[in-house]
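J.: The structure file query05.txt (compact mmCIF, C-alpha atoms) is provided below.
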```txt
# COMPACT_ATOMS: atom_id res chain seq x y z
CA MET A 1 68.70 109.29 102.36
CA LYS A 2 68.22 108.00 98.81
CA ARG A 3 67.54 110.48 96.05
CA THR A 4 64.67 110.14 93.61
CA ILE A 5 65.14 109.69 89.86
CA ASP A 6 64.07 113.31 89.31
CA GLU A 7 66.67 114.56 91.78
CA LEU A 8 69.35 112.46 90.15
CA GLN A 9 68.33 113.72 86.71
CA ASN A 10 68.61 117.34 87.86
CA GLU A 11 72.07 116.71 89.29
CA ILE A 12 73.17 114.96 86.09
CA GLU A 13 71.99 117.92 84.01
CA ARG A 14 73.95 120.27 86.26
CA ARG A 15 77.06 118.14 85.80
CA ILE A 16 76.56 118.10 82.02
CA LYS A 17 76.56 121.92 81.97
CA LEU A 18 79.81 121.99 83.94
CA TYR A 19 81.30 119.47 81.52
CA GLU A 20 80.29 121.54 78.49
CA GLU A 21 81.84 124.61 80.12
CA GLY A 22 85.13 122.72 80.41
CA MET A 23 85.03 122.49 84.21
CA ASP A 24 87.23 119.49 85.10
CA GLU A 25 85.74 117.24 82.40
CA GLY A 26 87.13 113.97 83.79
CA ALA A 27 85.69 114.61 87.25
CA GLN A 28 82.26 115.44 85.80
CA ALA A 29 82.20 112.20 83.81
CA TYR A 30 83.03 110.25 86.97
CA GLU A 31 80.36 112.06 89.03
CA ILE A 32 77.73 111.45 86.34
CA ALA A 33 78.66 107.75 86.29
CA GLU A 34 78.18 107.61 90.08
CA LEU A 35 74.76 109.27 89.74
CA LEU A 36 73.78 106.76 87.05
CA GLU A 37 74.86 103.88 89.29
CA GLU A 38 72.57 105.30 91.97
CA ALA A 39 69.72 105.50 89.46
CA ARG A 40 70.37 101.89 88.38
CA GLU A 41 69.80 100.69 91.94
CA ILE A 42 66.34 102.29 91.84
CA SER A 43 65.35 101.37 88.29
CA LYS A 44 67.31 99.90 85.38
CA PRO A 45 64.99 101.43 82.74
CA SER A 46 65.48 104.88 84.30
CA PHE A 47 69.24 104.31 84.35
CA LEU A 48 69.20 103.51 80.62
CA ASP A 49 66.99 106.50 79.81
CA LEU A 50 69.33 108.85 81.68
CA PHE A 51 72.39 107.37 79.97
CA LYS A 52 70.86 107.63 76.49
CA ALA A 53 70.00 111.29 77.16
CA LEU A 54 73.67 112.23 77.70
CA PRO A 55 75.46 114.28 75.00
CA GLU A 56 77.20 112.05 72.44
CA ASP A 57 80.72 113.28 73.29
CA LEU A 58 80.12 112.51 76.99
CA LYS A 59 78.61 109.03 76.71
CA GLY A 60 81.95 107.32 76.04
CA GLU A 61 83.69 108.90 79.04
CA VAL A 62 80.79 108.04 81.35
CA LEU A 63 80.57 104.50 79.97
CA SER A 64 84.25 103.95 80.86
CA GLU A 65 83.58 105.02 84.46
CA LEU A 66 80.60 102.71 85.02
CA SER A 67 80.91 99.39 86.85
CA LYS A 68 81.15 96.28 84.67
CA ASN A 69 77.56 95.22 85.41
CA ALA A 70 76.20 98.69 84.59
CA GLN A 71 78.26 98.72 81.38
CA GLU A 72 76.76 95.40 80.34
CA ASP A 73 73.23 96.73 80.87
CA ALA A 74 74.00 99.75 78.69
CA LEU A 75 75.76 97.74 75.97
CA GLU A 76 72.88 95.26 75.71
CA ALA A 77 70.29 98.03 75.43
CA ILE A 78 72.01 100.15 72.75
CA ASN A 79 72.10 99.13 69.07
CA ALA A 80 75.29 98.67 67.04
CA LYS A 81 75.07 102.02 65.20
CA GLU A 82 74.67 104.02 68.41
CA LEU A 83 77.48 102.08 70.06
CA ALA A 84 79.75 102.82 67.10
CA ASP A 85 79.03 106.55 67.48
CA ILE A 86 79.90 106.37 71.19
CA ILE A 87 83.09 104.37 70.61
CA GLU A 88 84.34 106.80 67.95
CA GLU A 89 84.36 109.52 70.64
CA MET A 90 86.46 107.43 73.03
CA ASP A 91 90.21 107.06 73.46
CA THR A 92 91.42 103.95 71.65
CA ASP A 93 92.35 102.00 74.80
CA ASP A 94 88.90 102.58 76.34
CA ALA A 95 87.23 101.88 72.99
CA ALA A 96 89.06 98.53 72.74
CA ASP A 97 87.91 97.61 76.26
CA ILE A 98 84.28 98.34 75.38
CA VAL A 99 84.46 96.37 72.11
CA GLN A 100 85.91 93.39 73.99
CA GLN A 101 83.07 93.60 76.48
CA ILE A 102 80.50 93.71 73.68
CA GLU A 103 82.24 90.65 72.20
CA GLU A 104 81.76 88.76 75.49
CA ILE A 105 78.05 89.57 75.41
CA ASP A 106 77.36 89.15 71.67
CA GLU A 107 80.10 88.43 69.09
CA THR A 108 77.81 89.26 66.17
CA LYS A 109 76.98 92.66 67.63
CA ALA A 110 80.69 93.38 68.23
CA GLY A 111 81.38 92.67 64.55
CA GLU A 112 78.55 95.00 63.51
CA VAL A 113 79.95 97.76 65.75
CA LEU A 114 83.41 97.45 64.21
CA GLU A 115 81.87 97.59 60.71
CA GLU A 116 80.11 100.85 61.60
CA ILE A 117 83.27 102.50 62.95
CA ASP A 118 85.64 104.51 60.74
CA GLU A 119 87.89 102.06 58.89
CA GLU A 120 91.18 103.43 60.24
CA GLU A 121 89.96 103.51 63.84
CA SER A 122 88.41 100.06 63.46
CA LYS A 123 91.82 98.75 62.35
CA VAL A 124 93.48 100.24 65.45
CA ILE A 125 90.84 98.77 67.79
CA ARG A 126 91.12 95.32 66.15
CA GLU A 127 94.88 95.44 66.72
CA LEU A 128 94.48 96.44 70.38
CA ILE A 129 91.95 93.70 71.16
CA SER A 130 94.27 91.14 69.55
CA TYR A 131 96.60 91.44 72.54
CA GLU A 132 96.14 89.18 75.54
CA GLU A 133 94.81 90.77 78.73
CA SER A 134 98.19 90.04 80.35
CA GLU A 135 100.14 91.98 77.67
CA ALA A 136 101.06 95.67 77.72
CA GLY A 137 99.53 96.26 74.27
CA ALA A 138 96.04 95.57 75.62
CA TYR A 139 96.27 98.81 77.65
CA MET A 140 97.87 100.96 74.97
CA GLN A 141 96.35 104.21 73.74
CA THR A 142 97.40 105.38 70.27
CA GLU A 143 96.47 109.04 70.85
CA LEU A 144 99.54 110.96 72.03
CA PHE A 145 101.40 114.22 71.48
CA LYS A 146 104.67 113.71 69.64
CA ALA A 147 107.19 116.02 68.00
CA THR A 148 110.08 115.38 65.62
CA ILE A 149 113.57 116.07 66.87
CA ASP A 150 114.16 118.98 64.48
CA GLU A 151 110.72 120.57 65.04
CA THR A 152 110.57 123.81 67.02
CA ILE A 153 108.70 123.97 70.31
CA GLY A 154 106.49 126.76 68.94
CA GLU A 155 105.39 124.67 65.94
CA SER A 156 104.56 121.67 68.12
CA ILE A 157 102.54 123.75 70.62
CA ALA A 158 100.51 125.25 67.76
CA ARG A 159 99.72 121.69 66.62
CA LEU A 160 98.75 120.70 70.15
CA LYS A 161 96.29 123.61 70.36
CA GLU A 162 94.52 122.37 67.25
CA LEU A 163 94.40 118.80 68.56
CA LYS A 164 92.91 120.00 71.85
CA LYS A 165 90.32 122.15 70.06
CA GLU A 166 89.22 119.19 67.99
CA ARG A 167 89.19 116.97 71.12
CA LYS A 168 91.57 114.54 69.43
CA ILE A 169 93.85 114.21 72.44
CA ASP A 170 93.49 114.35 76.23
CA HIS A 171 95.97 114.49 79.08
CA ALA A 172 98.95 115.64 77.01
CA TYR A 173 101.41 116.02 79.88
CA HIS A 174 104.44 114.77 77.97
CA VAL A 175 106.00 115.31 74.55
CA PHE A 176 107.16 112.10 72.86
CA ILE A 177 110.17 112.96 70.70
CA VAL A 178 110.78 110.92 67.54
CA ASP A 179 113.09 111.03 64.53
CA GLU A 180 111.99 111.31 60.90
CA LYS A 181 111.27 107.55 60.83
CA ASP A 182 109.04 107.76 63.92
CA ARG A 183 111.62 106.03 66.12
CA PHE A 184 111.25 106.91 69.78
CA LEU A 185 114.11 109.04 71.15
CA GLY A 186 112.72 110.03 74.53
CA MET A 187 109.98 111.97 76.27
CA THR A 188 109.98 115.16 78.27
CA PRO A 189 107.31 116.73 80.53
CA MET A 190 105.34 119.59 78.98
CA GLU A 191 106.12 121.78 81.97
CA ASP A 192 109.84 121.66 81.13
CA LEU A 193 109.17 123.39 77.80
CA VAL A 194 108.62 126.72 79.59
CA LEU A 195 112.38 126.81 80.12
CA HIS A 196 112.92 126.97 76.36
CA GLY A 197 111.99 129.52 73.72
CA PRO A 198 109.41 128.82 70.95
CA ASN A 199 112.15 128.77 68.29
CA GLU A 200 114.27 126.16 70.02
CA ILE A 201 114.24 122.68 68.47
CA TYR A 202 113.72 119.49 70.43
CA ARG A 203 117.21 118.25 69.59
CA ASN A 204 118.58 121.03 71.79
CA VAL A 205 116.15 120.11 74.59
CA ILE A 206 117.48 116.52 74.60
CA ASP A 207 121.11 117.68 74.38
CA LYS A 208 120.70 120.11 77.31
CA GLU A 209 118.45 118.18 79.67
CA GLY A 210 118.23 114.65 78.30
CA ALA A 211 114.98 112.72 77.96
CA LEU A 212 113.54 109.61 79.54
CA THR A 213 113.95 106.75 77.05
CA ALA A 214 112.37 103.86 79.01
CA SER A 215 109.64 102.11 77.03
CA VAL A 216 107.74 98.84 76.92
CA HIS A 217 107.07 96.41 74.05
CA PRO A 218 103.36 95.65 73.42
CA ASN A 219 103.90 91.91 73.98
CA GLU A 220 105.64 92.33 77.32
CA PRO A 221 103.71 91.26 80.44
CA ILE A 222 101.84 93.88 82.45
CA GLU A 223 104.19 93.16 85.37
CA LYS A 224 106.87 94.91 83.28
CA VAL A 225 104.62 97.98 82.95
CA ILE A 226 104.13 98.13 86.72
CA GLU A 227 107.84 97.59 87.34
CA LEU A 228 108.93 100.36 84.95
CA ALA A 229 106.32 102.80 86.24
CA GLY A 230 107.50 102.18 89.81
CA ASN A 231 111.24 102.18 89.12
CA TYR A 232 111.22 105.35 87.01
CA ASN A 233 108.35 107.07 88.86
CA MET A 234 106.47 107.41 85.55
CA ASN A 235 102.80 108.25 85.13
CA VAL A 236 102.84 107.45 81.42
CA LEU A 237 104.75 104.78 79.51
CA PRO A 238 105.64 104.85 75.81
CA VAL A 239 105.00 101.65 73.86
CA THR A 240 107.48 100.79 71.10
CA ASP A 241 107.99 97.84 68.75
CA GLU A 242 111.16 95.84 68.15
CA TRP A 243 112.46 98.58 65.81
CA ASN A 244 111.78 101.23 68.48
CA ILE A 245 108.92 102.71 66.43
CA LEU A 246 106.55 104.63 68.73
CA LEU A 247 103.17 102.85 68.76
CA GLY A 248 101.33 104.53 71.61
CA ARG A 249 101.32 105.13 75.36
CA ILE A 250 99.94 103.60 78.53
CA THR A 251 98.43 106.39 80.60
CA ALA A 252 98.36 106.97 84.36
CA ASP A 253 94.77 105.75 84.84
CA ASP A 254 95.61 102.37 83.30
CA ILE A 255 98.88 102.08 85.25
CA TYR A 256 97.01 102.71 88.52
CA ASP A 257 94.30 100.24 87.48
CA LEU A 258 96.95 97.61 86.73
CA MET A 259 98.58 98.14 90.13
CA GLU A 260 95.21 97.87 91.84
CA LYS A 261 94.32 94.76 89.82
CA GLN A 262 97.63 93.12 90.71
CA ALA A 263 97.06 93.76 94.41
CA THR A 264 93.44 92.56 94.17
CA ASP A 265 94.45 89.38 92.34
CA GLN A 266 96.96 88.61 95.07
CA ILE A 267 94.41 89.12 97.84
CA TYR A 268 91.77 87.01 96.07
CA GLY A 269 94.35 84.42 95.04
CA MET A 270 95.58 83.93 98.60
CA ALA A 271 91.95 83.32 99.60
CA GLY A 272 91.37 80.90 96.72
CA VAL A 273 88.76 82.98 94.88
CA GLN A 274 88.67 84.77 91.52
CA GLU A 275 87.98 88.46 90.98
CA GLU A 276 85.74 87.91 87.92
CA SER A 277 83.40 85.51 89.68
CA GLU A 278 83.31 87.50 92.94
CA GLU A 279 82.34 90.71 91.12
CA SER A 280 79.68 88.92 89.11
CA GLU A 281 76.05 89.26 90.18
CA ASN A 282 75.62 85.55 89.37
CA ILE A 283 75.69 83.76 92.75
CA VAL A 284 76.12 80.35 91.08
CA GLU A 285 79.29 81.49 89.29
CA ALA A 286 80.80 82.91 92.49
CA GLY A 287 79.82 79.78 94.42
CA LYS A 288 81.37 77.50 91.80
CA SER A 289 84.71 79.36 91.99
CA ARG A 290 84.82 79.07 95.78
CA ALA A 291 83.65 75.44 95.75
CA ILE A 292 86.61 74.31 93.62
CA TRP A 293 89.16 75.57 96.11
CA LEU A 294 87.13 74.34 99.08
CA GLY A 295 87.22 70.91 97.43
CA VAL A 296 91.00 71.09 97.10
CA ASN A 297 91.21 72.19 100.73
CA LEU A 298 89.02 69.21 101.75
CA ILE A 299 91.49 66.82 100.12
CA THR A 300 94.40 68.39 102.00
CA ALA A 301 92.43 68.27 105.26
CA ILE A 302 91.81 64.55 104.70
CA ALA A 303 95.57 64.08 104.19
CA ALA A 304 96.21 65.68 107.60
CA SER A 305 93.50 63.51 109.16
CA VAL A 306 95.11 60.38 107.72
CA VAL A 307 98.34 61.33 109.54
CA ILE A 308 96.40 61.76 112.80
CA GLY A 309 94.73 58.38 112.24
CA MET A 310 98.15 56.72 112.06
CA PHE A 311 98.68 57.63 115.72
CA ASP A 312 95.19 57.00 117.12
CA SER A 313 96.51 54.60 119.77
CA THR A 314 99.02 57.22 120.92
CA ILE A 315 96.30 59.85 121.29
CA GLN A 316 94.10 57.40 123.22
CA SER A 317 96.97 56.73 125.62
CA ILE A 318 97.77 60.40 126.24
CA VAL A 319 94.68 62.61 125.91
CA ALA A 320 96.80 65.76 126.38
CA LEU A 321 98.13 65.27 122.84
CA ALA A 322 94.67 65.98 121.37
CA VAL A 323 94.57 69.24 123.34
CA LEU A 324 98.00 70.41 122.15
CA MET A 325 97.90 69.25 118.49
CA PRO A 326 96.04 72.33 117.14
CA ILE A 327 98.69 74.62 118.68
CA VAL A 328 101.51 73.00 116.72
CA ALA A 329 99.58 73.12 113.42
CA SER A 330 98.39 76.69 114.01
CA MET A 331 101.86 78.06 114.79
CA GLY A 332 103.30 76.34 111.70
CA GLY A 333 100.49 77.64 109.53
CA ASN A 334 100.94 81.24 110.70
CA ALA A 335 104.73 81.15 110.32
CA GLY A 336 104.37 79.69 106.83
CA THR A 337 101.80 82.32 105.84
CA GLN A 338 104.21 85.07 106.90
CA SER A 339 106.98 83.68 104.69
CA LEU A 340 104.54 82.97 101.87
CA THR A 341 103.01 86.46 101.87
CA VAL A 342 106.39 88.20 101.83
CA THR A 343 107.73 85.98 99.03
CA VAL A 344 104.61 86.27 96.83
CA ARG A 345 104.59 90.05 97.21
CA GLN A 346 108.28 90.37 96.34
CA LEU A 347 107.78 88.15 93.29
CA ALA A 348 104.87 90.33 92.14
CA LEU A 349 106.96 93.50 92.50
CA GLY A 350 109.93 91.95 90.69
CA ASP A 351 112.15 92.32 93.77
CA ILE A 352 113.34 88.70 93.59
CA GLU A 353 115.51 87.44 90.73
CA PRO A 354 115.94 83.68 90.11
CA SER A 355 119.55 83.95 91.30
CA GLU A 356 118.35 85.32 94.65
CA ALA A 357 116.14 82.34 95.51
CA LYS A 358 118.75 80.85 97.85
CA ARG A 359 119.05 84.13 99.77
CA VAL A 360 115.27 84.43 100.17
CA ILE A 361 114.87 80.83 101.39
CA THR A 362 117.79 81.14 103.81
CA LYS A 363 116.39 84.34 105.30
CA GLU A 364 112.91 82.85 105.82
CA VAL A 365 114.32 79.63 107.32
CA LEU A 366 116.48 81.56 109.80
CA LEU A 367 113.57 83.80 110.82
CA SER A 368 111.26 80.82 111.32
CA LEU A 369 113.95 78.87 113.17
CA GLY A 370 114.56 81.80 115.53
CA ASN A 371 110.86 82.16 116.28
CA GLY A 372 110.57 78.38 116.57
CA LEU A 373 113.25 78.24 119.29
CA ILE A 374 111.62 81.06 121.26
CA TYR A 375 108.11 79.65 121.19
CA ALA A 376 109.31 76.07 121.67
CA ILE A 377 110.65 77.11 125.07
CA VAL A 378 107.48 79.09 125.88
CA MET A 379 105.14 76.25 124.86
CA GLY A 380 107.31 73.60 126.50
CA VAL A 381 107.05 75.38 129.84
CA ILE A 382 103.29 75.89 129.42
CA ALA A 383 102.76 72.19 128.57
CA PHE A 384 104.83 71.12 131.60
CA ILE A 385 102.88 73.39 133.98
CA TRP A 386 99.52 72.48 132.39
CA PHE A 387 99.84 68.67 132.34
CA LYS A 388 102.67 68.12 134.86
CA MET A 389 104.60 66.06 132.25
CA PRO A 390 108.20 67.29 131.68
CA MET A 391 108.76 65.09 128.60
CA LEU A 392 105.53 66.36 127.00
CA GLY A 393 107.01 69.88 127.12
CA ILE A 394 110.10 68.59 125.29
CA VAL A 395 107.96 66.82 122.67
CA ILE A 396 105.87 69.88 121.80
CA GLY A 397 108.97 72.10 121.86
CA LEU A 398 110.85 69.89 119.39
CA SER A 399 107.76 69.52 117.21
CA MET A 400 107.27 73.29 117.09
CA ILE A 401 110.89 73.84 116.02
CA ILE A 402 110.54 71.24 113.25
CA ASN A 403 107.21 72.61 112.00
CA LEU A 404 108.23 76.28 112.02
CA LEU A 405 111.50 75.40 110.27
CA CYS A 406 109.56 73.57 107.53
CA ALA A 407 106.99 76.40 107.40
CA GLY A 408 109.70 79.00 106.69
CA PHE A 409 111.37 76.78 104.09
CA PHE A 410 108.23 75.81 102.19
CA GLY A 411 106.63 79.26 102.64
CA ALA A 412 109.47 80.65 100.50
CA MET A 413 110.11 77.59 98.32
CA ILE A 414 106.55 76.89 97.12
CA PRO A 415 105.88 80.30 95.45
CA LEU A 416 109.37 80.31 93.92
CA LEU A 417 108.83 76.86 92.39
CA LEU A 418 105.32 77.73 91.16
CA LYS A 419 106.65 80.92 89.55
CA LYS A 420 109.39 78.93 87.82
CA VAL A 421 106.90 76.48 86.26
CA GLY A 422 104.54 79.29 85.19
CA ILE A 423 101.78 78.91 87.82
CA ASP A 424 100.50 81.99 89.66
CA PRO A 425 102.01 81.68 93.19
CA ALA A 426 99.19 83.74 94.72
CA VAL A 427 96.55 81.22 93.66
CA ALA A 428 98.06 77.82 94.49
CA SER A 429 100.58 78.49 97.27
CA THR A 430 98.23 78.69 100.26
CA VAL A 431 96.61 75.27 99.81
CA LEU A 432 99.97 73.54 99.31
CA LEU A 433 101.52 75.28 102.31
CA THR A 434 98.58 74.41 104.58
CA THR A 435 99.00 70.75 103.64
CA VAL A 436 102.72 70.82 104.46
CA THR A 437 102.40 72.58 107.83
CA ASP A 438 99.47 70.39 108.95
CA VAL A 439 101.07 67.09 107.91
CA VAL A 440 104.54 67.98 109.25
CA GLY A 441 103.08 69.43 112.44
CA PHE A 442 100.88 66.45 113.27
CA PHE A 443 103.44 63.83 112.16
CA SER A 444 106.33 65.37 114.09
CA PHE A 445 104.29 65.95 117.25
CA LEU A 446 102.56 62.58 117.36
CA GLY A 447 105.63 60.71 116.08
CA LEU A 448 107.89 62.20 118.75
CA ALA A 449 105.22 61.54 121.38
CA THR A 450 105.10 57.87 120.32
CA ILE A 451 108.89 57.53 120.53
CA ILE A 452 109.50 59.55 123.73
CA LEU A 453 106.36 59.17 125.82
CA LEU A 454 105.28 55.57 125.15
```
Turn the structure described in the file into structure tokens.
T.:
Amino acid sequence: MKRTIDELQNEIERRIKLYEEGMDEGAQAYEIAELLEEAREISKPSFLDLFKALPEDLKGEVLSELSKNAQEDALEAINAKELADIIEEMDTDDAADIVQQIEEIDETKAGEVLEEIDEEESKVIRELISYEESEAGAYMQTELFKATIDETIGESIARLKELKKERKIDHAYHVFIVDEKDRFLGMTPMEDLVLHGPNEIYRNVIDKEGALTASVHPNEPIEKVIELAGNYNMNVLPVTDEWNILLGRITADDIYDLMEKQATDQIYGMAGVQEESEESENIVEAGKSRAIWLGVNLITAIAASVVIGMFDSTIQSIVALAVLMPIVASMGGNAGTQSLTVTVRQLALGDIEPSEAKRVITKEVLLSLGNGLIYAIVMGVIAFIWFKMPMLGIVIGLSMIINLLCAGFFGAMIPLLLKKVGIDPAVASTVLLTTVTDVVGFFSFLGLATIILL
């Protein structure tokens, strides 16, 4: 049962009180965002009124949790000065995201917002939005808790208390240890500090227990962020420049978002659609994205039909061929998709190095060949029993072996080649593979039938 605007308002006010009392602040911001989304479905003006009524220090957190379409509604309705006040309360990575979104809607307004923001913070945000969406720096947050190597644990904790009181830092689960020139030396979990006294310096902590030194450069691709986070089981990643100067951190929420985005891009890419257009409320935009790939698919389907047309006299002579053709193409397509999916996923996770391409292709070919031999025998027997033509069973068996062998080879080869030339394998592989398996399947089956049966 849907709640009324008044009921939603009452629940939002209750959540605001919990937030102000310090009761799981992140969860309250998320819950309020969900309530606002519910209100937006009933009435956009009511949604905007409820958002504008939120406390200033809460608006930024809630704005980050809203869906993209809800964010756009809020950003369009709020003037530059108010937006600047909201952004100044946000973490720098979230603030940069919001400024970029404003820029997409209205470049002039984005410039006005940056002019209204504190000069130092505006400089940081401008630097963050200068990075490409595919680069690690675009997800960097400059707020972090760091300590110098010769600082005592007690001194650093006292500083952290002040930062937390002033709400200048959130989620300080690690200490980033630097030298006097701000060069990154390693990071250690906050919980490990309980094993040391307040007068102990961080140099001793590193000497006794070591510190994780893995970091990422701001210009490195986001795939590197995902790889490091997975390999080292990290929920936060330090960002350093070429001189190892500590620039910021990529936090757990962004790492999880990147992993989810990577998986989503692969799913959409294999289907030939784009995430941006599919999540848009503009039906024309979504339709245009799908239409492009359907057009490409039409061209490949015509190519397969041309191959069939080359053997029209053969099909007219033996009608059974028309019945069995889809089986050959379907088996090849499924076998190829299996190889393709595994290869694309391994490429995305960084499990395949260029030097391992031969191993990957060999494995997929052998698997497809094995399955091809098994199902060639099965289908050959079925064709013989069905149409009482022994040689027809041999034709479809041989054709199935050829098509599955090619499916395994090209299912692994196509994404590897696309990756090498800088094209996203998840987007273009499926269409190319379908063309190969259809053309090879029909050509081998009908060609062998022409040679053996006629």
J.: Would you mind telling me which residue in A:Lys168, A:His174, A:Arg40, A:Lys161 lies nearest to A:Asp57 when using all atoms listed in the file?
T.: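 Counting all atoms listed in the file, the residue closest to A:Asp57 is A:Lys168.
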J.: Just to confirm, what's the straight-line distance from atom CA of A:Gly295 to atom CA of A:Val436 in Å (one decimal)?
T.: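 Separating atom CA of A:Gly295 from atom CA of A:Val436 is a distance of 17.0 Å.
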J.: I need the residue nearest A:Leu432 from this list: A:Leu340, A:Ala449, A:Glu133, A:Gly393. Use all atoms listed in the file for the distance.
T.: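 Of the candidates, the smallest distance to A:Leu432 is held by A:Leu340.
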J.: Taking 4 positions as the minimum chain separation for residues in the same chain, which residues sit within 10 Å of A:Thr213 when counting only C-alpha atoms? Answer as an MDAnalysis selection string.
T.: chainID A and resid 176:177 184:188 237:238
J.: Taking all atoms listed in the file into account, produce a table as CSV in which each residue of stretch 379-408 of chain A with an atom at most 12 Å from an atom of stretch 306-322 of chain A appears once, together with its shortest atom pair and the distance in Å to one decimal, ordered by chain and rising number.
T.:
```
residue,atom,partner,partner_atom,distance
A:Ala383,CA,A:Ala320,CA,9.0
A:Phe384,CA,A:Ala320,CA,11.0
A:Trp386,CA,A:Ala320,CA,9.4
A:Phe387,CA,A:Ala320,CA,7.3
A:Lys388,CA,A:Ala320,CA,10.6
A:Met389,CA,A:Ala320,CA,9.8
A:Leu392,CA,A:Leu321,CA,8.6
A:Gly393,CA,A:Leu321,CA,10.9
A:Val395,CA,A:Leu321,CA,10.0
A:Ile396,CA,A:Leu321,CA,9.1
A:Ser399,CA,A:Leu321,CA,11.9
```
J.: Give me, please, the distance in Å between atom CA of A:Glu103 and atom CA of A:Leu258, quoted to one decimal.
T.: 21.8 Å
J.: May I have the protein, DNA and RNA residues with an atom at most 7 Å from (86.1, 96.6, 70.7), counting all atoms listed in the file in the file's coordinates, returned as a list in words?
T.: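 Returned residue set, sorted by chain then number, is Ala95, Ala96, Asp97, Ile98, Val99, Gln100, Ile102, Ala110, Ile125, Arg126 and Ile129 of chain A.
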J.: Atoms to include: C-alpha atoms. Write the selected residues as a JSON list (two decimals), in the coordinates of the input.
T.:
```
[["chain", "number", "residue", "atom", "x", "y", "z"],
["A", 95, "ALA", "CA", 87.23, 101.88, 72.99],
["A", 96, "ALA", "CA", 89.06, 98.53, 72.74],
["A", 97, "ASP", "CA", 87.91, 97.61, 76.26],
["A", 98, "ILE", "CA", 84.28, 98.34, 75.38],
["A", 99, "VAL", "CA", 84.46, 96.37, 72.11],
["A", 100, "GLN", "CA", 85.91, 93.39, 73.99],
["A", 102, "ILE", "CA", 80.50, 93.71, 73.68],
["A", 110, "ALA", "CA", 80.69, 93.38, 68.23],
["A", 125, "ILE", "CA", 90.84, 98.77, 67.79],
["A", 126, "ARG", "CA", 91.12, 95.32, 66.15],
["A", 129, "ILE", "CA", 91.95, 93.70, 71.16]]
```
J.: Please compute the atom CA of A:Thr337-atom CA of A:Glu223 distance, one decimal, in Å.
T.: 23.3 Å
J.: Which is closer to A:Glu112 than all the others in A:Ala138, A:Ala407, A:Ala80, A:Ile352, using all atoms listed in the file?
T.: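 Checking each candidate against A:Glu112, we get A:Ala80 as the closest.
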J.: For A:Ile452, find every residue with an atom within 10 Å (counting all atoms listed in the file), except residues of its own chain fewer than 2 positions away, and show them as a PDB file with C-alpha atoms, in the coordinates of the input.
T.:
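New file result36.pdb:
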```
ATOM      1  CA  MET A 391     108.760  65.090 128.600  1.00  0.00           C
ATOM      2  CA  LEU A 392     105.530  66.360 127.000  1.00  0.00           C
ATOM      3  CA  ILE A 394     110.100  68.590 125.290  1.00  0.00           C
ATOM      4  CA  VAL A 395     107.960  66.820 122.670  1.00  0.00           C
ATOM      5  CA  LEU A 446     102.560  62.580 117.360  1.00  0.00           C
ATOM      6  CA  GLY A 447     105.630  60.710 116.080  1.00  0.00           C
ATOM      7  CA  LEU A 448     107.890  62.200 118.750  1.00  0.00           C
ATOM      8  CA  ALA A 449     105.220  61.540 121.380  1.00  0.00           C
ATOM      9  CA  THR A 450     105.100  57.870 120.320  1.00  0.00           C
ATOM     10  CA  LEU A 454     105.280  55.570 125.150  1.00  0.00           C
TER      11      LEU A 454
END
```
J.: May I ask which of the residues A:Asp106, A:Glu119, A:Glu13, A:Asp438 is the closest one to A:Thr300, counting all atoms listed in the file?
T.: A:Asp438
J.: Restricting the calculation to only C-alpha atoms: of A:Ile250, A:Asp351, A:Asp170, A:Glu20, which residue gets closest to A:Asn231?
T.: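 Result for the nearest residue to A:Asn231: A:Asp351.
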J.: From the options A:Leu58, A:Ile255, A:Ile42, A:Leu366, which residue's atoms come nearest to A:Arg15, counting only C-alpha atoms?
T.: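 Residue with the minimum atom-to-atom distance to A:Arg15: A:Leu58.
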J.: I want to know what sits within 8 Å of A:Thr92, based on all atoms listed in the file, with residues of the same chain fewer than 6 positions away left out; could you give that as a list in words?
T.: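 That gives Glu121, Val124, Ile125, Met140, Gln141, Thr142 and Glu143 of chain A.
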J.: So that I can check the surroundings of A:Ala74, please list as number ranges by chain every protein, DNA and RNA residue that reaches within 7 Å of it, counting only C-alpha atoms and ignoring chain neighbours fewer than 4 positions away.
T.: A: 48, 70, 78
J.: With 8 Å as the threshold, what does the neighbourhood of (115.6, 116.2, 67.8) contain in terms of residues, counting all atoms listed in the file? Coordinates are those of the file; answer as a list of chain:residue names.
T.: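 Neighbouring residues, ordered by chain and number, come to A:Thr148, A:Ile149, A:Asp150, A:Glu151, A:Ile177, A:Val178, A:Asp179, A:Ile201, A:Tyr202, A:Arg203, A:Asn204, A:Val205, A:Ile206.
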J.: Stretch 334-336 of chain A: which residues within 8 Å, counting all atoms listed in the file, same-chain residues fewer than 2 positions away excluded, as a PyMOL selection string?
T.: chain A and resi 330-332+338-340+368+404+407-408+410-411+433+437
